[in-house]
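Just below is one structure, and these are the notes that go with it.
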Amino acid sequence: MLPSRHLSSLTDIVEFPPLPNNLTWRGGIAYLDRDGVLNVGSENYINSVDELEVLPGAASAIARIRNAGFRICIVTNQSPIGRGLWDHQRLAEVNSALQTILLEENEDAHLELILYSPYVPWDNAWARKGNPGMLQVGRQIIDATESNNHISIFEYGIDYLARDEGNSFMVGDRIADMKAGLNHDVRTFRCDQKIGIDDVIERVLDFSDNGDTL
Ligand SMILES: [Mg+2]
């Protein structure tokens, strides 16, 4: 069970916006959870654009991460689709609104790739965090886009061949996010869900700086 992708199919090649200051991408990916990281989360899900509240500092944090040379890959569990509460279109509206608000706050706050897992927990989907399926697919889509290659089939599952993840990292507010990051062999940062990514951005940037000098 593969993840879904905002507004595109997984194998589409959709050109990314340039990194700030025309930086060259060096292979690092910032895997970011959405709810409780970029926007205020809710136990009852974010069910519509009306319920979307972007956290202070989120746009700036994304811009700073991109300015450090990373591509952004959102990896978000969205089981309400599998539960039949709402459909892909409803989620697309929320994700598009999130991107619009972030760019209004900071013109560099692009989300290059948004992946989501529509499955319910009892599906045991590889795409659902704490499994690393979304990170595996995100790595391959970003690699293919950057090298202008076509993807026909994904390496996916427990036998996924480990890539050089460079100084990629995962930011989330829950244990499942940390598990997904660890299972994908990247550094993890857990933020306070009431603060979001601004809670850990200085640690993230310290880590990415140190990775550059290795
Ligand atoms: Mg979350």
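Residues are referred to by chain and number: the chain letter is A, B, ... according to the order shown in the structure tokens, the number counts from 1 in that chain, and ligands are numbered separately from 1 in the order shown.
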
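Considering only C-alpha atoms and all ligand atoms, the residues that reside within 6 Å of ligand 1 can be listed as Asp33, Arg34, Asp35, Gly36, Gly172, Asp173 and Arg174 of chain A.
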
Closest pair table for range 6-101 of chain A residues within 8 Å of range 120-136 of chain A, only C-alpha atoms, as a tab-separated table:
residue	atom	partner	partner_atom	distance
A:Tyr31	CA	A:Leu135	CA	7.1
A:Val75	CA	A:Met134	CA	6.1
A:Thr76	CA	A:Lys129	CA	8.0
A:Asn77	CA	A:Arg128	CA	6.1
A:Ser79	CA	A:Val120	CA	4.8
A:Pro80	CA	A:Val120	CA	7.6
A:Gly82	CA	A:Val120	CA	5.3
A:Arg83	CA	A:Val120	CA	6.4

Let me see the file: selected residues, N, CA and C atoms, as a short mmCIF file (atom, residue, chain, number, x, y, z; two decimals), in the first residue's frame.
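This is the output file out_20.cif:
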data_model
loop_
_atom_site.label_atom_id
_atom_site.label_comp_id
_atom_site.auth_asym_id
_atom_site.auth_seq_id
_atom_site.Cartn_x
_atom_site.Cartn_y
_atom_site.Cartn_z
N TYR A 31 12.19 15.68 6.23
CA TYR A 31 10.90 14.99 6.29
C TYR A 31 10.13 15.61 7.45
N VAL A 75 5.28 14.39 5.32
CA VAL A 75 4.81 13.00 5.46
C VAL A 75 3.77 12.98 6.58
N THR A 76 2.51 12.83 6.18
CA THR A 76 1.43 13.00 7.15
C THR A 76 0.43 11.85 7.10
N ASN A 77 0.14 11.26 8.26
CA ASN A 77 -0.91 10.24 8.37
C ASN A 77 -2.26 10.93 8.32
N SER A 79 -5.69 9.32 8.31
CA SER A 79 -6.61 8.18 8.32
C SER A 79 -8.08 8.54 8.11
N PRO A 80 -8.51 9.81 8.30
CA PRO A 80 -9.93 10.10 8.05
C PRO A 80 -10.38 9.71 6.64
N GLY A 82 -9.34 6.97 4.97
CA GLY A 82 -9.63 5.55 5.07
C GLY A 82 -10.85 5.26 5.93
N ARG A 83 -11.10 6.14 6.89
CA ARG A 83 -12.27 5.97 7.76
C ARG A 83 -13.56 6.41 7.07
#

| Residue set, range 10-137 of chain A restricted to helix (DSSP H, G or I), as an MDAnalysis selection string | chainID A and resid 20:22 49:51 58:67 88:105 121:123 133:137

| task | Would you mind listing what lies within 9 Å of Ala61 in chain A as a ChimeraX atom specification, with only C-alpha atoms counted and same-chain residues fewer than 6 positions away left out? | result | /A:109,197-198,201

Would you save the residues from that selection as a compact mmCIF listing (two decimals), in the first residue's frame, using N, CA and C atoms?
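Okay, this is what ended up in result-v4.txt:
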# COMPACT_ATOMS: atom_id res chain seq x y z
N ALA A 109 9.00 29.61 1.58
CA ALA A 109 8.44 28.49 2.37
C ALA A 109 7.69 27.50 1.49
N ILE A 197 7.31 23.28 14.79
CA ILE A 197 8.70 23.19 14.33
C ILE A 197 9.59 24.28 14.92
N ASP A 198 8.98 25.41 15.25
CA ASP A 198 9.77 26.50 15.84
C ASP A 198 10.46 26.05 17.14
N ILE A 201 13.76 24.30 15.71
CA ILE A 201 14.45 24.76 14.50
C ILE A 201 15.93 25.07 14.74

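Nearest to Val204 in chain A of all the residues A:Ile46, A:Cys191, A:Ile153, A:Ile114 is A:Cys191, based on only C-alpha atoms.
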
| request: Enumerate, as a ChimeraX atom specification, the complete set of residues in range 18-208 of chain A that a backbone-based DSSP assignment places in strand (DSSP E). | output: /A:29-32,71-77,113-117,169-172,187-190

Suppose we keep C-alpha atoms; can you now write the selection as a tab-separated table (two decimals), in the first residue's frame?
chain	number	residue	atom	x	y	z
A	29	ILE	CA	15.68	15.98	2.76
A	30	ALA	CA	13.72	17.47	5.63
A	31	TYR	CA	10.90	14.99	6.29
A	32	LEU	CA	8.26	16.94	8.18
A	71	ARG	CA	14.23	19.84	0.06
A	72	ILE	CA	11.01	19.57	2.07
A	73	CYS	CA	8.95	16.38	2.10
A	74	ILE	CA	5.75	16.45	4.15
A	75	VAL	CA	4.81	13.00	5.46
A	76	THR	CA	1.43	13.00	7.15
A	77	ASN	CA	-0.91	10.24	8.37
A	113	LEU	CA	6.56	17.32	-1.92
A	114	ILE	CA	3.49	16.48	0.16
A	115	LEU	CA	2.86	12.77	0.79
A	116	TYR	CA	0.09	11.39	2.94
A	117	SER	CA	-1.08	8.01	4.15
A	169	PHE	CA	16.15	14.42	9.25
A	170	MET	CA	12.58	13.96	10.45
A	171	VAL	CA	10.58	16.42	12.55
A	172	GLY	CA	7.37	15.35	14.25
A	187	ARG	CA	18.06	11.83	12.68
A	188	THR	CA	14.78	12.66	14.44
A	189	PHE	CA	13.61	15.80	16.23
A	190	ARG	CA	10.49	15.77	18.37

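In this structure, CA of Asn148 in chain A sits 8.7 Å away from CA of Glu15 in chain A.
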
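When only C-alpha atoms are used to measure the gap to Thr24 in chain A, the shortest distance among A:Asn149, A:Asn67, A:Asn167, A:Gln193 belongs to A:Asn67.
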
| task | May I ask which of the residues A:Met178, A:Ala92, A:Met1, A:Leu23 is the closest one to Phe70 in chain A, counting only C-alpha atoms? | result | A:Leu23
